[in-house]
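Some notes on the structure that comes next.
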Amino acid sequence: MDDPVPTIGAGLAVNGNAGRHGHRTVPTSEVGGAMVPAAAEGEAIREVTSQLVDPGDAKIAVRQVERVFATKRDRVQALGPMDLDVGDGEFVCLVGPSGCGKSTLLRIVAGLVNPTAGEVQISPGGTGKVPVAMVFQDYSIYPWKSVLANVRFGLDLAHVPRKEATASAMKWIDKLGLTDFADAFPNTLSGGMRQRVSIARALAVEPEVLLMDEPFAALDAMLRMVLQDELLDLWQSDRRTVLFVTHSLEEAILLGDRVVVMSARPGRILADFKIPFDRPRRPELRADPGFTALQGRLWEELSGEVS
Ligand code: ADP
Ligand code: MG
């Protein structure tokens, strides 16, 4: 299941079973110059679609999705039922305790795993070459292929002519700062560079939806910040729809238009925070008092689930 191949042309069920959204949206408001989340106590349960994404604009629509993993002895309800809408061009971060089904959800959206119930729709259209590409935590690049061949791989699969594929791959290799390493093999690269190769490979196919599963989790703190800032710049220039799983609340707030908090297994959505900071976002935002306040507010929401 840990297919290292970027998801190209994932087949996704479409049958119009619109589910109800049972989770709360948490608005944030500006108070005294610092961005402070509004009080959430006693708030009505609302539909996230009505608050954050016009249903007609949803690029990704997750409807009543559940996943059960059954073995001979066991039956594990890993996920849901859950509903989630991600708007076209929106960057949505998912946080939740370990084992709550985040990777399972991403794999379902990618078409790598079937849901036990419910469905995911990715609305067609847009300018992407493929509907979905995914970046995994563990780099997942081929050790026997050069950087260029790895980055070009999805384009080769999509039968893009070789010259054009090489040019596209080189464009992304340049953007990710790997120009001098195009002919290098992965075992000669650092972890950060390997992860850049993974990201370049996913972006080279120009997916309409980019799924990222803790892409920076294996990197040290400094490198992680560098890649976060690079990803912000890349996203700013082409505004792709992104669903991004992370353990880091700081990362989620820095990158996301929304941060969706999931419960312990089986993962459901507990809260959906709209992140109020303007774009383009600068690295210095991490030190803003409103930023740290929001981090605290998110942790309040999550801490009960983690224990
Ligand atoms: P997360 O990414 O949030 O840490 P996962 O989606 O990886 O969580 O897993 C959710 C739950 O489903 C976990 O309890 C995990 O052990 C279980 N699970 C995931 N994949 C499988 C599988 N292929 N077979 C059996 N159980 C699985
Ligand atoms: Mg995971």
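Order determines the names: the first chain of the structure tokens is A, the second B, and so forth; residues in each chain are numbered 1 upward, and ligands are numbered 1 upward as they are shown.
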Neighbours of ligand 1 within 6 Å, counting only C-alpha atoms and all ligand atoms, as a count of residues only?
9
Neighbours of Arg152 (chain A) within 7 Å (only C-alpha atoms; same-chain residues fewer than 5 positions away dropped), as an NGL selection string?
:A and (165-166 or 169 or 201)
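Among the candidates A:Ala202, A:Met82, A:Leu148, A:Leu106, the one nearest to ligand 2 when counting only C-alpha atoms and all ligand atoms is A:Leu106.
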Selection: 8 Å around Phe136 (chain A), only C-alpha atoms, excl. self and same-chain fewer than 6 positions, as a list in words
Pro4, Ser198, Met212, Asp213, Glu214 and Pro215 of chain A
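For the choices A:Asp180, A:Glu119, A:Asp238, A:Asp138, the atom-to-atom distance to ligand 2 is smallest for A:Asp138 when using only C-alpha atoms and all ligand atoms.
As for CA of Gly256 (chain A) and CA of Leu298 (chain A), they are spaced 13.1 Å apart.
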List every residue of region 19-230 of chain A that DSSP, applied to the backbone, labels as helix (DSSP H, G or I), and write the result as a ChimeraX atom specification.
/A:48-51,55-57,102-110,147-157,162-175,179-181,186-188,191-204,221-230
Just write the chosen residues, C-alpha atoms, as a short mmCIF file (atom, residue, chain, number, x, y, z; two decimals), in the first residue's frame.
data_model
loop_
_atom_site.label_atom_id
_atom_site.label_comp_id
_atom_site.auth_asym_id
_atom_site.auth_seq_id
_atom_site.Cartn_x
_atom_site.Cartn_y
_atom_site.Cartn_z
CA VAL A 48 -18.30 23.60 7.35
CA THR A 49 -19.42 23.97 3.77
CA SER A 50 -21.75 26.79 4.62
CA GLN A 51 -19.01 28.58 6.51
CA PRO A 55 -20.41 23.55 -1.84
CA GLY A 56 -20.26 24.32 -5.56
CA ASP A 57 -16.59 25.32 -5.18
CA LYS A 102 -4.97 10.84 8.68
CA SER A 103 -2.84 8.77 6.30
CA THR A 104 -5.80 6.55 5.60
CA LEU A 105 -7.86 9.59 4.64
CA LEU A 106 -5.15 10.89 2.31
CA ARG A 107 -4.81 7.48 0.67
CA ILE A 108 -8.56 7.32 0.18
CA VAL A 109 -8.52 10.78 -1.42
CA ALA A 110 -5.62 9.63 -3.62
CA VAL A 147 17.14 12.78 -9.47
CA LEU A 148 16.06 13.76 -12.97
CA ALA A 149 14.62 10.31 -13.70
CA ASN A 150 12.78 10.32 -10.38
CA VAL A 151 11.27 13.74 -11.01
CA ARG A 152 10.39 12.83 -14.58
CA PHE A 153 8.86 9.52 -13.55
CA GLY A 154 5.22 10.64 -13.31
CA LEU A 155 5.50 12.45 -16.64
CA ASP A 156 6.92 9.31 -18.26
CA LEU A 157 3.97 7.35 -16.87
CA ARG A 162 10.61 12.76 -23.42
CA LYS A 163 11.95 16.19 -24.35
CA GLU A 164 8.99 17.97 -22.84
CA ALA A 165 9.09 15.74 -19.76
CA THR A 166 12.77 16.48 -19.21
CA ALA A 167 12.16 20.22 -19.57
CA SER A 168 9.27 20.15 -17.06
CA ALA A 169 11.24 18.00 -14.64
CA MET A 170 14.24 20.35 -14.88
CA LYS A 171 12.00 23.33 -14.20
CA TRP A 172 10.91 21.77 -10.89
CA ILE A 173 14.40 20.55 -10.08
CA ASP A 174 15.57 24.16 -10.46
CA LYS A 175 12.72 25.50 -8.34
CA THR A 179 19.95 21.86 -10.31
CA ASP A 180 23.46 20.66 -9.49
CA PHE A 181 22.14 17.26 -8.45
CA PRO A 186 19.35 9.39 -3.99
CA ASN A 187 21.90 7.61 -1.76
CA THR A 188 24.27 10.55 -2.26
CA GLY A 191 17.23 13.65 3.78
CA GLY A 192 16.18 17.21 3.01
CA MET A 193 17.31 16.92 -0.58
CA ARG A 194 15.57 13.59 -1.03
CA GLN A 195 12.37 15.12 0.23
CA ARG A 196 12.83 17.98 -2.23
CA VAL A 197 13.06 15.34 -4.97
CA SER A 198 9.74 13.86 -3.78
CA ILE A 199 8.11 17.27 -3.82
CA ALA A 200 9.53 18.09 -7.25
CA ARG A 201 8.25 14.76 -8.57
CA ALA A 202 4.75 15.44 -7.25
CA LEU A 203 4.68 19.00 -8.59
CA ALA A 204 6.16 18.10 -11.99
CA ALA A 221 13.94 21.45 12.86
CA MET A 222 16.01 23.89 10.81
CA LEU A 223 15.60 22.10 7.53
CA ARG A 224 11.94 21.74 8.24
CA MET A 225 11.60 25.51 8.55
CA VAL A 226 13.52 26.03 5.32
CA LEU A 227 11.26 23.64 3.42
CA GLN A 228 8.12 25.14 4.99
CA ASP A 229 9.17 28.57 3.75
CA GLU A 230 9.98 27.17 0.31
#
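Closest approach to Thr241 (chain A) among A:Val306, A:Met134, A:Leu189, A:Ala293: A:Met134, based on only C-alpha atoms.
Distance annotation: of A:Thr246, A:Gly296, A:Val259, A:Arg279, the residue with the minimal separation from ligand 2 is A:Thr246; atom set is only C-alpha atoms and all ligand atoms.
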Hey, what's within 8 Å of Phe291 (chain A) if we count only C-alpha atoms and toss same-chain stuff fewer than 4 positions away? As a ChimeraX atom specification, please?
/A:35,253,285-287,295
Dump N, CA and C atoms for the selected residues as a CSV table (one decimal), in the first residue's frame?
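Output (selection38.csv):
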chain,number,residue,atom,x,y,z
A,35,MET,N,-4.2,38.5,16.6
A,35,MET,CA,-5.2,37.6,16.1
A,35,MET,C,-5.6,36.6,17.2
A,253,ILE,N,-0.5,26.1,11.1
A,253,ILE,CA,-1.0,27.5,11.1
A,253,ILE,C,-0.2,28.3,10.1
A,285,LEU,N,6.2,35.4,10.8
A,285,LEU,CA,4.9,35.2,11.4
A,285,LEU,C,4.9,34.2,12.5
A,286,ARG,N,5.8,33.3,12.5
A,286,ARG,CA,5.9,32.3,13.6
A,286,ARG,C,6.0,33.0,15.0
A,287,ALA,N,6.6,34.2,15.0
A,287,ALA,CA,6.9,34.8,16.3
A,287,ALA,C,5.7,35.8,16.7
A,295,GLN,N,-1.9,28.9,18.2
A,295,GLN,CA,-1.3,27.6,18.5
A,295,GLN,C,-1.8,27.0,19.8
May I ask which of the residues A:Val76, A:Val245, A:Val135, A:Val62 is the closest one to ligand 2, counting only C-alpha atoms and all ligand atoms?
A:Val245
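Candidate residues A:Ser190, A:Thr116, A:Gln137, A:Ser146 were compared for distance to ligand 2, and the nearest is A:Gln137, using only C-alpha atoms and all ligand atoms.
Atom to atom, CA of Pro276 (chain A) and CA of Ala58 (chain A) stand 20.0 Å apart.
The space between CA of Val120 (chain A) and CA of Asp83 (chain A) spans 9.3 Å.
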